[in-house]
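Novice: Questions regarding the structure given below will be posed in turn.
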Protein chains: 4
Amino acid sequence: MVKLGVIGYGYWGPNIVRNFSGHQDCQVVAVCDKSPAALARVGGRHPGVRMTTEADDILTSSEIDAVAIVTSVSSHYELAKKALEHGKHIFVEKPFTATSAQAEELVELAERKNLCIMVDHTFLFTGAVRKIKQLVDDGSLGPLYYYDSTRVNLGLFQHDVNVLWDLAPHDLSIMDYLIGLEPDLVVATGGAHVNCLEDLAHLTVYFPNNVIAHINVNWLSPVKVRTTLVGGQRKMLVWNDLDPAEKVKVYDKGADLRTEEGIHQLLVSYRSGDMWAPKLEELEALQQETRYFIDCVRCSMKPFNDGEAGLRVVRILEAAERSLRQHKEVAYSSVR
Amino acid sequence: MVKLGVIGYGYWGPNIVRNFSGHQDCQVVAVCDKSPAALARVGGRHPGVRMTTEADDILTSSEIDAVAIVTSVSSHYELAKKALEHGKHIFVEKPFTATSAQAEELVELAERKNLCIMVDHTFLFTGAVRKIKQLVDDGSLGPLYYYDSTRVNLGLFQHDVNVLWDLAPHDLSIMDYLIGLEPDLVVATGGAHVNCLEDLAHLTVYFPNNVIAHINVNWLSPVKVRTTLVGGQRKMLVWNDLDPAEKVKVYDKGADLRTEEGIHQLLVSYRSGDMWAPKLEELEALQQETRYFIDCVRCSMKPFNDGEAGLRVVRILEAAERSLRQHKEVAYSSVR
Amino acid sequence: MVKLGVIGYGYWGPNIVRNFSGHQDCQVVAVCDKSPAALARVGGRHPGVRMTTEADDILTSSEIDAVAIVTSVSSHYELAKKALEHGKHIFVEKPFTATSAQAEELVELAERKNLCIMVDHTFLFTGAVRKIKQLVDDGSLGPLYYYDSTRVNLGLFQHDVNVLWDLAPHDLSIMDYLIGLEPDLVVATGGAHVNCLEDLAHLTVYFPNNVIAHINVNWLSPVKVRTTLVGGQRKMLVWNDLDPAEKVKVYDKGADLRTEEGIHQLLVSYRSGDMWAPKLEELEALQQETRYFIDCVRCSMKPFNDGEAGLRVVRILEAAERSLRQHKEVAYSSVR
Amino acid sequence: MVKLGVIGYGYWGPNIVRNFSGHQDCQVVAVCDKSPAALARVGGRHPGVRMTTEADDILTSSEIDAVAIVTSVSSHYELAKKALEHGKHIFVEKPFTATSAQAEELVELAERKNLCIMVDHTFLFTGAVRKIKQLVDDGSLGPLYYYDSTRVNLGLFQHDVNVLWDLAPHDLSIMDYLIGLEPDLVVATGGAHVNCLEDLAHLTVYFPNNVIAHINVNWLSPVKVRTTLVGGQRKMLVWNDLDPAEKVKVYDKGADLRTEEGIHQLLVSYRSGDMWAPKLEELEALQQETRYFIDCVRCSMKPFNDGEAGLRVVRILEAAERSLRQHKEVAYSSVR
């Protein structure tokens, strides 16, 4: 039985508590939030859970095995560090930390103390991303060419970070999972119109093997778009996360080089064939992910969405932020 | 009566000949193409028109008032220069020229000889762009925030240029028309996967007054997308050129800064209201544009899509190309 | 304070209990279900509520003012009758009853005992239907021409009735609300493919004033569709209930008769103009409806979705069923 | 070489002339239209073709082998009869004739004189319908359950017939081709709002083997819809003819009866799987069909879209018209 404490019961916290509570071999023993109104909601929904306004009650409790940190990003590092120091496994909201230096320190600390860090990259547990990962790994798409995502809507979801730190971590974690390579270069552009935080940004990430990723995030779009194109040499796919019925469509389309006989000239020829929308698993992503965290804790496994994965995402965000300010490329290796 | 010669009868030439032929005060007197098969098609459709494989037959003919140059971009400069030198007005396919130096020289030459240059930025004559221009100019959108276009599909349309020079001129000419400002900076990223020409690219253009444009072009997309978001302080719009019925949707949505009383803190509040899809003019864009060229020639008017407009687009393409190679921003002023 | 008992805690019951519980001047005092598992769920979510497997505990309780009947349609009549006889107001799931004779008897009984019947025609409380009703009533659409609804998907939702009784009541209640007239004739067609219950059906309802309604329901459709066209002399609208952003689109389109001069011939001319998607209220429909029931009970008001409204829907279903069997029209008046 | 005369050069005639002219072993020798303006258009596009305002010039010409009749339906019978009597094969616009008696007479006459009748059911030659026919015939869909088509838009296309005769022949010919059975019963409903011709109608056709077809046609719809569902026991498909990229989507979905163990109760279980959009042939349908007509004439083959097929469609229209007036079912056999 994993005994869990949860810090933060704002927008996302209730989902975390509900999902961890739903697993047989996990018990949510305490929830911390500074707002009495939030704690009142906990009490109404989860009668047996201890409530506190002091994070230390959870971080230092000898009763607790693992801590879920569901606060705003600026507080992640301190809470996570203390939790690790007191021997607790941690489940941390994305983005992992506010700086890559913080992330590195936490990764090192967890390794030293043999503790598990899982960063809540929830999208990796959706039926759509699992299916895309499978299509990449089994060679269906062929060698990857590009990942291109548009994630725009009206309204910000976090008040203390810009649109890059708010929306891009989703795509960065998915891209990291699918491509499986460390980036070479990052180039970002963007602008701030309503206040001093960027409300729209565009991010290009150059990878080895000529793989390129592009991410378009925007808080000032009149329509909501969640569409990603993934292009490979053999096949290409479109993932529209807002399509209720067919989120992933795989196209038997591609481009090949051929030599035109006689004139020894290289020409590009385009292939166009059937489209196929595979049926996706419909399990709740967060249920899968919390299940996986409990298993990792119990069996001392290293999750694939571990501190290192969180660190890679933070590094790209940091490089992007620097590129945005300096109007030029930033080498991923320079962020280390 | 404007007497017109047309050079080039490949993909676009037939539309040019058909539209100019349809106007009462214009006569297409000659068409040039190097391919006998192309000329045979001219003969079948336009019995009275003179046919030639030599451009000079048109460029130097004393009978001809104006020349439409509908060839690949690499030949524009030489053909246009000779036409202007022989006192002919010119209608030139986009992009205007292969370099900004060429464009500057042609603009200067035309000015000296008091001749008209029109660059075929056809989209400016569509019902959609005319309506958007009107909404920008009458203040409906409020001060502009951004222009963000996705123009992707499977397959290239030009064999001698990369995706930037093939697809981006459409958006650059529209953006130039709507925003009406000279850019400050250009940042471009992209990659080449099938052969040595870039097959996907992303372009950010920074303008004064905090206006930002972003253009995503891709020859390796499994689906065709032609969608542009235009965001202003008061309203925002989506232009989906593939929607047969409602291409332009205007949203009464926006973001405002407000001060929360008591705590003197600035907060962003989002507004969401009705959507409105105005009925658009359904006239063929090229018919409007060729009509406008004839009027400009006959009345010695300077068109708004003149050589200067063509030059501005070529400058941005040149800056983008340089940015793509050097992985950093390029000042628009440095291209002059 | 209205004290409510709820009978039935299956698919829809939890929503009923949750919504009634959320109003300040209502208290859900008891819930009845024959399944112990269902009652266990009640206990988990609503600790203070009395639980029973006997409907009579609720129907005869002196503590209870009103009863919500959320069982399958075959049991509505008996439960409702007993509730009314014991002086309780009733809130009944749609369709109201299994026969029009039952509905008539209940309406009469309630009138005699001065009790309120509300039939749960939830859709009438959605932002979409409220907006459409407003557009009909304020004359925006002009005199109505037709109501045409497609409500198809894969899978049945009720095991004891055919697709007509399962899906059509939604449209019949909306149509009744919008058109506000008693039908003249009903014609229905359909078929049963998987077992002996019709799994697809098409219903035409002729109204006075040349208004016609058509409803297409199907349990064997591979895609889910919830689209209704409403045509009037001045304007027409499309209501797509599955569109997350713009459910109702109003078109400035229509057809007019005009006389062609000289030849005294009547011609139809079509008008095509702007489209407009009004912002809709986003309140939960069932929250509005339960609020309205409490108000009706407390202030002795007759709701517009009363037993008479429920009766009219059942009459059309009965006429449709008869038409389906006899392959001919059935007069609405013959069902009385 | 088949020598063809064409009668009627209005909306559809130009497509007929252009397509027949494009085949090597066919020569369009004469075109007839009562309007001099129409004939002027013929002259401009097809210089060598003889023009006449008298149908008899074509019907009685000894030079002509076959006649295409592209006039309004009321004149089909007389023109077709005279053409057959003069030994000409005929290609007739849909619907074949204004009454089934006329169609029967023409079929008999053609048989007697050993001449070919082809009715222009163009849709049967589209890539979409050919693919659907293949999926039906190879058993992919399993035994057919239903055909359900929505064909609505704003505006009528024929001035002398109601919406049933204008729009439904498309679906009736497709349905006839796919199902391959003679109907049992026809039930139709509808209404006339703008003038005395029905502007909307709904048609149900009952076939043997429990196959049912439903067709919804409407001239007063604010949006254009061309969507057909075809349901079979094994699979189901959606054909959206307005989708430029994926017109036909095949769903691995269905419903099965199963017995629940122990309780001997029959339950319906629903299957949901992948979706698949096959690549369709992109050849112009009318080019295929005119090619096929020439082949049938030259090789004395009976086309599958022959006079009998045209007769079956007219019979259903006649039955539907009668059902619409009498508000009851009409047996297909009673129309014979």
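Starting from 1 in every chain, residues are counted up; chains themselves are A, B, ... following the order of the structure tokens, and ligands are numbered from 1 as listed.
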Excluding Leu283 of chain D and any residue of its chain fewer than 3 positions from it, enumerate the residues within 10 Å of it, using only C-alpha atoms, and give them as number ranges by chain.
Specialist: D: 125-127, 280, 286-288
Novice: Could you please select, counting only C-alpha atoms, the residues of chain A within 12 Å of chain C and state them as a VMD selection string?
Specialist: chain A and resid 44 to 47 153 222 to 225 242 to 246
Novice: Report as a list in words all protein, DNA and RNA residues lying within 8 Å of Arg50 of chain C, evaluated on only C-alpha atoms, omitting residues in the same chain fewer than 3 positions from it.
Specialist: Val29, Ala30 and Val31 of chain C
Novice: Would you output that residue set with N, CA and C atoms, as a compact mmCIF listing (two decimals), in the first residue's frame?
Specialist:
```txt
# COMPACT_ATOMS: atom_id res chain seq x y z
N VAL C 29 -34.40 13.79 0.31
CA VAL C 29 -34.47 13.07 1.59
C VAL C 29 -34.35 11.56 1.44
N ALA C 30 -34.75 11.03 0.26
CA ALA C 30 -34.68 9.58 0.10
C ALA C 30 -34.50 9.20 -1.35
N VAL C 31 -33.78 8.10 -1.57
CA VAL C 31 -33.59 7.57 -2.92
C VAL C 31 -33.94 6.09 -2.90
```
Novice: Could you give me, as JSON, numbers by chain, the residues within 12 Å of Arg315 of chain A, counting only C-alpha atoms and dropping anything in the same chain fewer than 2 positions from it?
Specialist: {"A": [95, 96, 97, 98, 99, 100, 101, 102, 103, 104, 165, 169, 172, 173, 176, 182, 183, 184, 185, 186, 205, 308, 309, 310, 311, 312, 313, 317, 318, 319, 320, 321, 322, 330, 331, 332, 333, 334, 335, 336]}
Novice: Produce a file of the selected residues containing C-alpha atoms, as a short mmCIF file (atom, residue, chain, number, x, y, z; two decimals), in the first residue's frame.
Specialist:
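This went into again_23.cif:
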```cif
data_model
loop_
_atom_site.label_atom_id
_atom_site.label_comp_id
_atom_site.auth_asym_id
_atom_site.auth_seq_id
_atom_site.Cartn_x
_atom_site.Cartn_y
_atom_site.Cartn_z
CA PRO A 95 6.75 21.64 -16.19
CA PHE A 96 9.06 19.85 -13.77
CA THR A 97 10.88 22.96 -12.47
CA ALA A 98 11.42 26.63 -13.27
CA THR A 99 15.08 26.12 -14.29
CA SER A 100 17.17 23.29 -15.61
CA ALA A 101 19.64 23.71 -12.76
CA GLN A 102 16.84 22.94 -10.30
CA ALA A 103 15.80 19.90 -12.32
CA GLU A 104 19.36 18.59 -12.46
CA TRP A 165 5.80 27.50 -20.26
CA PRO A 169 5.39 21.42 -22.21
CA LEU A 172 7.73 18.99 -25.76
CA SER A 173 7.07 15.93 -23.65
CA ASP A 176 10.63 13.89 -26.62
CA GLU A 182 18.36 15.02 -27.68
CA PRO A 183 17.86 18.25 -29.67
CA ASP A 184 20.67 20.14 -31.37
CA LEU A 185 19.25 23.66 -31.66
CA VAL A 186 16.25 25.64 -30.52
CA VAL A 205 13.59 22.35 -32.44
CA GLU A 308 15.38 13.13 -16.77
CA ALA A 309 12.39 13.46 -19.11
CA GLY A 310 11.18 16.45 -17.09
CA LEU A 311 14.68 17.94 -17.24
CA ARG A 312 14.84 17.61 -21.05
CA VAL A 313 11.58 19.51 -21.39
CA LEU A 317 11.93 25.71 -22.53
CA GLU A 318 14.96 27.49 -21.15
CA ALA A 319 16.70 27.45 -24.54
CA ALA A 320 13.50 28.69 -26.20
CA GLU A 321 13.14 31.52 -23.72
CA ARG A 322 16.73 32.59 -24.39
CA VAL A 330 20.37 28.47 -28.93
CA ALA A 331 22.25 25.18 -28.74
CA TYR A 332 20.51 22.64 -26.51
CA SER A 333 23.90 21.58 -25.17
CA SER A 334 24.54 25.12 -23.94
CA VAL A 335 21.67 24.84 -21.45
CA ARG A 336 23.25 22.02 -19.54
#
```
Novice: Fewer than 6 positions away in the same chain doesn't count, so skip those; otherwise give me all residues within 9 Å of Val2 of chain D, counting only C-alpha atoms, as a list in words.
Specialist: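 The filter keeps Asp25, Cys26, Gln27, Val28, Ile64, Asp65, Ala66, Ile294, Val297 and Arg298 of chain D.
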Novice: DSSP on the backbone, alpha helix (DSSP H) only: what residues of segment 38-266 of chain B does that give? Format it as a PyMOL selection string.
Specialist: chain B and resi 38-45+55-59+76-85+100-112+127-137+163-179
Novice: Restricted to C-alpha atoms, what would the selected residues look like written as a PDB file, in the first residue's frame?
Specialist:
```pdb
ATOM      1  CA  ALA B  38       1.500  24.278 -75.168  1.00  0.00           C
ATOM      2  CA  LEU B  39       1.135  26.402 -78.295  1.00  0.00           C
ATOM      3  CA  ALA B  40      -1.167  23.784 -79.813  1.00  0.00           C
ATOM      4  CA  ARG B  41      -3.455  24.203 -76.782  1.00  0.00           C
ATOM      5  CA  VAL B  42      -3.445  27.968 -77.319  1.00  0.00           C
ATOM      6  CA  GLY B  43      -4.474  27.468 -80.935  1.00  0.00           C
ATOM      7  CA  GLY B  44      -7.347  25.192 -80.001  1.00  0.00           C
ATOM      8  CA  ARG B  45      -8.786  27.600 -77.466  1.00  0.00           C
ATOM      9  CA  ALA B  55       9.930  35.747 -76.359  1.00  0.00           C
ATOM     10  CA  ASP B  56      11.576  38.506 -78.368  1.00  0.00           C
ATOM     11  CA  ASP B  57       8.736  38.385 -80.885  1.00  0.00           C
ATOM     12  CA  ILE B  58       6.573  39.728 -78.089  1.00  0.00           C
ATOM     13  CA  LEU B  59       9.046  41.838 -76.147  1.00  0.00           C
ATOM     14  CA  HIS B  76      11.336  37.127 -64.683  1.00  0.00           C
ATOM     15  CA  TYR B  77      14.080  39.711 -64.405  1.00  0.00           C
ATOM     16  CA  GLU B  78      15.457  39.429 -67.909  1.00  0.00           C
ATOM     17  CA  LEU B  79      12.075  39.275 -69.601  1.00  0.00           C
ATOM     18  CA  ALA B  80      10.672  42.122 -67.510  1.00  0.00           C
ATOM     19  CA  LYS B  81      13.724  44.321 -68.117  1.00  0.00           C
ATOM     20  CA  LYS B  82      13.570  43.866 -71.874  1.00  0.00           C
ATOM     21  CA  ALA B  83       9.808  44.521 -71.892  1.00  0.00           C
ATOM     22  CA  LEU B  84      10.217  47.741 -69.916  1.00  0.00           C
ATOM     23  CA  GLU B  85      13.129  48.817 -72.125  1.00  0.00           C
ATOM     24  CA  SER B 100      15.645  42.097 -54.328  1.00  0.00           C
ATOM     25  CA  ALA B 101      18.395  43.789 -56.372  1.00  0.00           C
ATOM     26  CA  GLN B 102      16.614  42.707 -59.554  1.00  0.00           C
ATOM     27  CA  ALA B 103      13.294  43.971 -58.227  1.00  0.00           C
ATOM     28  CA  GLU B 104      14.772  47.334 -57.283  1.00  0.00           C
ATOM     29  CA  GLU B 105      16.267  47.772 -60.726  1.00  0.00           C
ATOM     30  CA  LEU B 106      12.947  46.974 -62.431  1.00  0.00           C
ATOM     31  CA  VAL B 107      11.015  49.344 -60.173  1.00  0.00           C
ATOM     32  CA  GLU B 108      13.453  52.127 -60.953  1.00  0.00           C
ATOM     33  CA  LEU B 109      13.386  51.416 -64.691  1.00  0.00           C
ATOM     34  CA  ALA B 110       9.583  51.429 -64.790  1.00  0.00           C
ATOM     35  CA  GLU B 111       9.458  54.696 -62.878  1.00  0.00           C
ATOM     36  CA  ARG B 112      11.942  56.311 -65.251  1.00  0.00           C
ATOM     37  CA  GLY B 127     -13.662  38.164 -51.765  1.00  0.00           C
ATOM     38  CA  ALA B 128     -12.083  36.836 -48.555  1.00  0.00           C
ATOM     39  CA  VAL B 129      -9.026  39.109 -48.526  1.00  0.00           C
ATOM     40  CA  ARG B 130     -11.054  42.136 -49.640  1.00  0.00           C
ATOM     41  CA  LYS B 131     -13.431  41.583 -46.744  1.00  0.00           C
ATOM     42  CA  ILE B 132     -10.582  41.116 -44.247  1.00  0.00           C
ATOM     43  CA  LYS B 133      -8.877  44.266 -45.538  1.00  0.00           C
ATOM     44  CA  GLN B 134     -12.113  46.155 -45.009  1.00  0.00           C
ATOM     45  CA  LEU B 135     -12.452  44.836 -41.440  1.00  0.00           C
ATOM     46  CA  VAL B 136      -8.882  45.894 -40.686  1.00  0.00           C
ATOM     47  CA  ASP B 137      -9.250  49.325 -42.272  1.00  0.00           C
ATOM     48  CA  VAL B 163       8.820  25.702 -50.263  1.00  0.00           C
ATOM     49  CA  LEU B 164       9.407  29.216 -48.962  1.00  0.00           C
ATOM     50  CA  TRP B 165       9.575  30.767 -52.447  1.00  0.00           C
ATOM     51  CA  ASP B 166       6.751  28.527 -53.670  1.00  0.00           C
ATOM     52  CA  LEU B 167       4.095  28.925 -50.991  1.00  0.00           C
ATOM     53  CA  ALA B 168       5.013  31.865 -48.741  1.00  0.00           C
ATOM     54  CA  PRO B 169       4.604  34.674 -51.336  1.00  0.00           C
ATOM     55  CA  HIS B 170       0.831  34.259 -51.068  1.00  0.00           C
ATOM     56  CA  ASP B 171       0.886  35.011 -47.350  1.00  0.00           C
ATOM     57  CA  LEU B 172       3.593  37.634 -47.587  1.00  0.00           C
ATOM     58  CA  SER B 173       1.604  39.633 -50.125  1.00  0.00           C
ATOM     59  CA  ILE B 174      -1.597  39.340 -48.071  1.00  0.00           C
ATOM     60  CA  MET B 175       0.214  40.212 -44.841  1.00  0.00           C
ATOM     61  CA  ASP B 176       1.856  43.218 -46.547  1.00  0.00           C
ATOM     62  CA  TYR B 177      -1.525  44.363 -47.823  1.00  0.00           C
ATOM     63  CA  LEU B 178      -3.329  43.990 -44.484  1.00  0.00           C
ATOM     64  CA  ILE B 179      -0.640  45.265 -42.129  1.00  0.00           C
TER      65      ILE B 179
END
```
Novice: At a cut-off of 9 Å, using only C-alpha atoms, what residues contact Val70 of chain A? Leave out same-chain residues fewer than 2 positions from it and give the result as a ChimeraX atom specification.
Specialist: /A:6-10,12-13,16,68,72-73,76,91-94
Novice: Got time to write the residues from that selection, N, CA and C atoms, as a tab-separated table (two decimals), in the first residue's frame?
Specialist:
```
chain	number	residue	atom	x	y	z
A	6	VAL	N	-0.82	14.82	-0.98
A	6	VAL	CA	-0.97	15.68	-2.16
A	6	VAL	C	-0.86	17.14	-1.73
A	7	ILE	N	0.03	17.89	-2.39
A	7	ILE	CA	0.17	19.32	-2.08
A	7	ILE	C	-0.39	20.13	-3.25
A	8	GLY	N	-1.45	20.88	-3.01
A	8	GLY	CA	-2.09	21.70	-4.05
A	8	GLY	C	-3.42	21.09	-4.47
A	9	TYR	N	-4.53	21.82	-4.24
A	9	TYR	CA	-5.86	21.31	-4.61
A	9	TYR	C	-6.60	22.41	-5.38
A	10	GLY	N	-5.93	22.92	-6.45
A	10	GLY	CA	-6.54	23.97	-7.26
A	10	GLY	C	-7.28	23.41	-8.45
A	12	TRP	N	-6.01	21.28	-11.00
A	12	TRP	CA	-5.65	19.92	-11.39
A	12	TRP	C	-5.67	18.95	-10.20
A	13	GLY	N	-5.44	19.49	-8.99
A	13	GLY	CA	-5.36	18.66	-7.79
A	13	GLY	C	-6.51	17.69	-7.61
A	16	ILE	N	-6.00	14.59	-9.49
A	16	ILE	CA	-4.92	13.77	-8.92
A	16	ILE	C	-5.45	12.98	-7.72
A	68	ALA	N	2.59	13.95	-4.11
A	68	ALA	CA	2.23	14.54	-5.41
A	68	ALA	C	2.24	16.05	-5.26
A	72	SER	N	1.90	25.60	-8.37
A	72	SER	CA	2.43	26.32	-9.53
A	72	SER	C	3.93	26.08	-9.62
A	73	VAL	N	4.48	26.23	-10.84
A	73	VAL	CA	5.83	25.76	-11.12
A	73	VAL	C	6.89	26.40	-10.23
A	76	HIS	N	7.78	24.23	-7.22
A	76	HIS	CA	8.09	22.81	-7.39
A	76	HIS	C	9.41	22.41	-6.75
A	91	PHE	N	5.74	12.79	-7.37
A	91	PHE	CA	4.97	12.90	-8.61
A	91	PHE	C	4.76	14.41	-8.79
A	92	VAL	N	5.37	14.99	-9.84
A	92	VAL	CA	5.40	16.45	-9.94
A	92	VAL	C	4.67	16.93	-11.19
A	93	GLU	N	3.90	17.99	-11.00
A	93	GLU	CA	3.19	18.58	-12.13
A	93	GLU	C	4.17	19.07	-13.20
A	94	LYS	N	3.75	19.16	-14.44
A	94	LYS	CA	4.60	19.69	-15.50
A	94	LYS	C	4.39	21.21	-15.57
```
